[in-house]
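Have a look at the structure below before the remarks.
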Amino acid sequence: MNKKSGLGDKFSIEEFCETIKVFSLAPNLRILAVIYNSPTPICEIELAEILEIKAYNLSRYLTALRRVGLVNRENKGRYRYFSINSEGVMGSKLFYQCLESIDSEEAPFVDDCRRYNGVKLSYNCDK
């Protein structure tokens with residue numbers, strides 16, 4: 001899939017459908033919300049613990065998010081770190097507006113935020 005930047009870019013029907021499909025799954029939105037709100041790239045192990053998602057399923061979701069250009073992956077030793085791809089599809093203002101419009105008071109997001117704070121204080125992939 002081509003990495004696009006901004007709203008003026010053209011997408012094929014397949015690219016557009018694949019991106020919409022990724023946005024249609026609640027776990028993907030939860031993953032994106034945690035990564036988006038993390039001040040630094042976040043370790044896959046921390047993501048699994050924060051979101052209470054099995055590593056296998058998380059890996060599948062992250063692969064889909066990378067495939068459509070929504071997140072970046074950086075390998076550091078045996079750990080993989082993820083961040084928002086600000087140069088790809090995510091560079092558009094529309095993405096940020098959509099992500100920020102999600103009701104962060106909704107149960108899964110409140111729980112994710114609470115766990116994020118606990119995990120970041122108690123666990124460090126760089127150890």
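Lettering and numbering for the structure tokens are positional, with chains as A, B, ... in the shown order, residues counted from 1 in each chain, and ligands counted from 1 in the shown order.
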
Near-stretch 21-30 of chain A list (12 Å; only C-alpha atoms; drop same-chain fewer than 5 positions) as a PyMOL selection string: chain A and resi 14-16+35-37+47-48+50-54+57-71+90+95+98-104+106-113+116

The selected residues should be written to file as a PDB file, in the first residue's frame (atoms: C-alpha atoms).
```
ATOM      1  CA  GLU A  14      -8.815  -1.096  -2.355  1.00  0.00           C
ATOM      2  CA  GLU A  15      -6.597   1.196  -0.242  1.00  0.00           C
ATOM      3  CA  PHE A  16      -9.577   3.230   0.904  1.00  0.00           C
ATOM      4  CA  ILE A  35      -0.245   5.068  20.819  1.00  0.00           C
ATOM      5  CA  TYR A  36      -1.501   8.555  19.911  1.00  0.00           C
ATOM      6  CA  ASN A  37      -1.599   9.632  23.561  1.00  0.00           C
ATOM      7  CA  LEU A  47       0.365  -2.294  24.753  1.00  0.00           C
ATOM      8  CA  ALA A  48      -0.750  -5.888  25.355  1.00  0.00           C
ATOM      9  CA  ILE A  50      -2.584  -1.943  28.884  1.00  0.00           C
ATOM     10  CA  LEU A  51      -5.254  -3.164  26.475  1.00  0.00           C
ATOM     11  CA  GLU A  52      -5.521  -6.643  27.994  1.00  0.00           C
ATOM     12  CA  ILE A  53      -5.193  -8.177  24.541  1.00  0.00           C
ATOM     13  CA  LYS A  54      -3.349 -11.433  23.910  1.00  0.00           C
ATOM     14  CA  ASN A  57      -4.174 -10.786  18.544  1.00  0.00           C
ATOM     15  CA  LEU A  58      -2.338  -7.536  19.226  1.00  0.00           C
ATOM     16  CA  SER A  59       0.302  -8.498  16.679  1.00  0.00           C
ATOM     17  CA  ARG A  60      -2.408  -9.042  14.046  1.00  0.00           C
ATOM     18  CA  TYR A  61      -4.013  -5.674  14.786  1.00  0.00           C
ATOM     19  CA  LEU A  62      -0.651  -3.879  14.688  1.00  0.00           C
ATOM     20  CA  THR A  63       0.218  -5.558  11.376  1.00  0.00           C
ATOM     21  CA  ALA A  64      -3.020  -4.262   9.865  1.00  0.00           C
ATOM     22  CA  LEU A  65      -2.358  -0.766  11.225  1.00  0.00           C
ATOM     23  CA  ARG A  66       1.159  -0.796   9.761  1.00  0.00           C
ATOM     24  CA  ARG A  67      -0.053  -2.162   6.421  1.00  0.00           C
ATOM     25  CA  VAL A  68      -2.303   0.860   5.883  1.00  0.00           C
ATOM     26  CA  GLY A  69       0.377   3.272   7.092  1.00  0.00           C
ATOM     27  CA  LEU A  70      -1.190   4.314  10.394  1.00  0.00           C
ATOM     28  CA  VAL A  71       1.673   3.358  12.708  1.00  0.00           C
ATOM     29  CA  MET A  90      -2.233   9.844   9.724  1.00  0.00           C
ATOM     30  CA  PHE A  95      -7.482  11.521  11.292  1.00  0.00           C
ATOM     31  CA  CYS A  98     -11.634  11.649  14.325  1.00  0.00           C
ATOM     32  CA  LEU A  99      -9.335  10.240  16.992  1.00  0.00           C
ATOM     33  CA  GLU A 100      -9.859  13.212  19.294  1.00  0.00           C
ATOM     34  CA  SER A 101     -13.641  13.031  18.833  1.00  0.00           C
ATOM     35  CA  ILE A 102     -13.879   9.543  20.363  1.00  0.00           C
ATOM     36  CA  ASP A 103     -15.583   9.783  23.739  1.00  0.00           C
ATOM     37  CA  SER A 104     -12.670   9.197  26.088  1.00  0.00           C
ATOM     38  CA  GLU A 106     -16.387   5.536  27.431  1.00  0.00           C
ATOM     39  CA  ALA A 107     -15.583   2.488  29.563  1.00  0.00           C
ATOM     40  CA  PRO A 108     -12.838   0.813  27.494  1.00  0.00           C
ATOM     41  CA  PHE A 109     -10.921   4.066  27.036  1.00  0.00           C
ATOM     42  CA  VAL A 110     -11.116   5.041  30.701  1.00  0.00           C
ATOM     43  CA  ASP A 111      -9.862   1.587  31.686  1.00  0.00           C
ATOM     44  CA  ASP A 112      -7.078   1.764  29.068  1.00  0.00           C
ATOM     45  CA  CYS A 113      -5.912   5.144  30.430  1.00  0.00           C
ATOM     46  CA  TYR A 116      -1.537   2.887  30.835  1.00  0.00           C
TER      47      TYR A 116
END
```

Those in stretch 15-105 of chain A with strand (DSSP E) from DSSP, as a compact mmCIF listing (two decimals) with C-alpha atoms, in the first residue's frame:
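Output below, filename out37.txt:
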```
# COMPACT_ATOMS: atom_id res chain seq x y z
CA ILE A 42 5.30 2.39 23.16
CA CYS A 43 6.49 -1.20 23.51
CA VAL A 71 1.67 3.36 12.71
CA ASN A 72 5.44 3.01 12.58
CA ARG A 73 7.38 0.13 14.11
CA GLU A 74 10.91 0.37 15.44
CA ASN A 75 12.83 -2.71 16.57
CA LYS A 76 15.11 -2.25 19.57
CA TYR A 79 11.31 -5.39 21.64
CA ARG A 80 9.14 -3.62 19.08
CA TYR A 81 8.04 -0.04 19.66
CA PHE A 82 5.11 1.65 17.94
CA SER A 83 4.31 5.28 17.20
CA ILE A 84 1.82 7.18 15.04
```
